[in-house]
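A.B. asks: Input: one structure, supplied below.
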Amino acid sequence: MKRKMKDYYEIRDNCYEQAEYIKVQRDQVESKIKKDFEVLRCFLQLEEKEEQMKSQMKSQMMKEKIEALDRNIDTISDVIRTTEEQLMSDQVSFTKKYQVAMTRIQELPKPRLLPGAVLDEAKHVGNLKLTVWERMKEMVSCSPAILDPNTAVPELSLSEDLTSVSFKIGAQRPKNPERSSLENVLGSALDSGTHMWDVEVGDNTEWELGWRGGTFTGQIPG
């Protein structure tokens with residue numbers, strides 16, 4: 001009974017450790033999720049802003065076109081009014097100034113409708129989600145294998161994106177059942193078939209890479 005009670009105490013103490021470690025994990029996971037989603041939010045906000053700017057540019061271009069047409073209309077109206085006044089008052093004076101009036105009119109460009117002035121809705125809205133998603137793929141990376149921190153021994157430290165590992169003495173981790181008894185860390189499960197990776201070993205002179213039941217061992221002369 002005393003041995004059984006001791007076992008209960010050990011498991012309970014370990015559960016306390018795991019409860020504290022869960023708090024640490026929660027903070028790390030929430031921080032990483034916030035960072036990644038903030039990157040995605042910024043990307044989507046930028047995409048949305050660019051699309052809005054395209055619409056605003058179209059509106060601004062049409063506004064400037066209308067303003068230019070109004071100025072030309074005012075010029076022509078002024079010439080017509082002046083010409084009519086001269087015809088009514090002094091035809092001799094009109095004959096002398098006729099060429100000047102015609103020159104002012106001929107200098108004005110012929111009004112034309114601008115091709116492509118309206119928004120291309122098919123381009124901006126058609127398959128919008130797919131288009132944004134394809135552009136989003138250019139800013140994200142995919143790692144074929146992810147390391148599982150719940151299997152790492154305390155002496156190993158994993159990167160934030162769980163793709164690299166290094167030694168770090170003093171790391172605190174509970175003795176959960178998934179934790180490896182060897183000095184290693186396990187990666188994500190693989191589908192059947194052949195798999196290939198490029199593994200960077202840095203300045204390490206000894207390293208091991210393998211799977212449950214077998215290990216590739218490499219050694220670089222140092």
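Chain labels A, B, ... are given in the sequence in which chains occur in the structure tokens; within each chain residues are numbered consecutively from 1, and ligands are likewise numbered from 1 in the order shown.
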Using DSSP secondary structure from the backbone, list all alpha helix (DSSP H) positions within segment 103-195 of chain A, as an NGL selection string.
C.D. replies: :A and (103-106 or 121-125 or 128-137)
A.B. asks: Check which residues of segment 103-219 of chain A sit at most 10 Å from segment 34-55 of chain A using only C-alpha atoms, and return one row each with the closest pair of atoms and their distance in Å to one decimal, ordered by chain and rising number, as a tab-separated table.
C.D. replies:
residue	atom	partner	partner_atom	distance
A:Val118	CA	A:Ser55	CA	9.2
A:Leu119	CA	A:Ser55	CA	6.9
A:Asp120	CA	A:Ser55	CA	9.5
A:His124	CA	A:Glu51	CA	7.4
A:Val125	CA	A:Glu51	CA	9.7
A:Val132	CA	A:Glu47	CA	7.6
A:Trp133	CA	A:Leu44	CA	9.7
A:Arg135	CA	A:Glu47	CA	9.5
A:Met136	CA	A:Phe43	CA	7.7
A:Met139	CA	A:Phe43	CA	9.0
A:Val140	CA	A:Leu40	CA	9.4
A.B. asks: Among segment 34-209 of chain A, which ones does DSSP assign to strand (DSSP E) (computed from the backbone)? Answer as a list in words.
C.D. replies: Leu156, Ser157, Leu158, Val165, Ser166, Phe167, Glu206, Trp207, Glu208 and Leu209 of chain A
A.B. asks: Include N, CA and C atoms and write out the residues we just selected as an mmCIF file, in the first residue's frame.
C.D. replies:
data_model
loop_
_atom_site.group_PDB
_atom_site.id
_atom_site.type_symbol
_atom_site.label_atom_id
_atom_site.label_comp_id
_atom_site.auth_asym_id
_atom_site.auth_seq_id
_atom_site.Cartn_x
_atom_site.Cartn_y
_atom_site.Cartn_z
ATOM 1 N N LEU A 156 17.287 19.474 -25.257
ATOM 2 C CA LEU A 156 17.096 19.956 -26.625
ATOM 3 C C LEU A 156 16.159 21.154 -26.642
ATOM 4 N N SER A 157 16.491 22.127 -27.475
ATOM 5 C CA SER A 157 15.664 23.322 -27.646
ATOM 6 C C SER A 157 15.214 23.404 -29.099
ATOM 7 N N LEU A 158 13.915 23.594 -29.310
ATOM 8 C CA LEU A 158 13.359 23.656 -30.662
ATOM 9 C C LEU A 158 13.111 25.099 -31.077
ATOM 10 N N VAL A 165 16.560 22.115 -34.233
ATOM 11 C CA VAL A 165 16.786 21.742 -32.844
ATOM 12 C C VAL A 165 18.234 22.025 -32.477
ATOM 13 N N SER A 166 18.461 22.385 -31.224
ATOM 14 C CA SER A 166 19.808 22.636 -30.731
ATOM 15 C C SER A 166 19.869 22.260 -29.254
ATOM 16 N N PHE A 167 21.070 22.153 -28.721
ATOM 17 C CA PHE A 167 21.240 21.821 -27.306
ATOM 18 C C PHE A 167 21.044 23.072 -26.447
ATOM 19 N N GLU A 206 28.840 15.486 -34.981
ATOM 20 C CA GLU A 206 28.123 14.216 -34.874
ATOM 21 C C GLU A 206 26.625 14.499 -34.895
ATOM 22 N N TRP A 207 25.891 13.650 -35.590
ATOM 23 C CA TRP A 207 24.440 13.816 -35.651
ATOM 24 C C TRP A 207 23.795 12.478 -35.987
ATOM 25 N N GLU A 208 22.545 12.373 -35.692
ATOM 26 C CA GLU A 208 21.786 11.159 -35.989
ATOM 27 C C GLU A 208 20.445 11.545 -36.582
ATOM 28 N N LEU A 209 20.040 10.784 -37.566
ATOM 29 C CA LEU A 209 18.743 11.002 -38.209
ATOM 30 C C LEU A 209 18.164 9.640 -38.529
#
A.B. asks: Could you check the closest approach to Ser159 of chain A for each of A:Glu134, A:Lys32, A:Gly126, A:Pro174 and tell me which residue wins, using only C-alpha atoms?
C.D. replies: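 Nearest candidate to Ser159 of chain A out of A:Glu134, A:Lys32, A:Gly126, A:Pro174: A:Lys32.
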A.B. asks: Select, from A:Leu128, A:Gln106, A:Gln28, A:Leu114, the residue with the minimum atom-to-atom distance to Ile66 of chain A, counting only C-alpha atoms.
C.D. replies: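 The shortest atom-to-atom distance to Ile66 of chain A comes from A:Leu114.
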A.B. asks: Write out as a list in words which residues come within 7 Å of segment 178-184 of chain A when counting only C-alpha atoms, dropping same-chain ones fewer than 2 positions away.
C.D. replies: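 Listing them by chain and then by number gives Asn150, Thr151, Ala152, Val153, Lys175, Asn176 and Leu186 of chain A.
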A.B. asks: Suppose you want the space between atom CA of Pro111 of chain A and atom CA of Ser59 of chain A; what is it in Å?
C.D. replies: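 Atom CA of Ser59 of chain A lies at a distance of 18.6 Å from atom CA of Pro111 of chain A.
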A.B. asks: Find the residue from A:Gln172, A:Pro177, A:Tyr9, A:Thr131 that sits nearest to Val24 of chain A; use only C-alpha atoms when measuring.
C.D. replies: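 When distances to Val24 of chain A are compared using only C-alpha atoms, the smallest one comes from A:Gln172.
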A.B. asks: Ranking A:Lys137, A:Arg12, A:Lys123, A:Arg173 by minimum distance to Pro154 of chain A and counting only C-alpha atoms, which one comes first?
C.D. replies: A:Arg173
A.B. asks: Measuring atom to atom with only C-alpha atoms, identify which of A:Asp78, A:Asp7, A:Glu121, A:Asp27 is nearest to Ala101 of chain A.
C.D. replies: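 With only C-alpha atoms as the atom set, the closest residue is A:Asp78.
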A.B. asks: As a list in words, please: the residues near Trp197 of chain A (cut-off 10 Å, only C-alpha atoms, same-chain neighbours under 3 positions excluded).
C.D. replies: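 Result of the neighbour search: Ser143, Pro144, Ala145 and Glu200 of chain A.
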A.B. asks: What is the atom CA of Ile105 of chain A-atom CA of Leu87 of chain A distance in Å, reported with one decimal?
C.D. replies: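 These atoms are spaced 17.3 Å apart.
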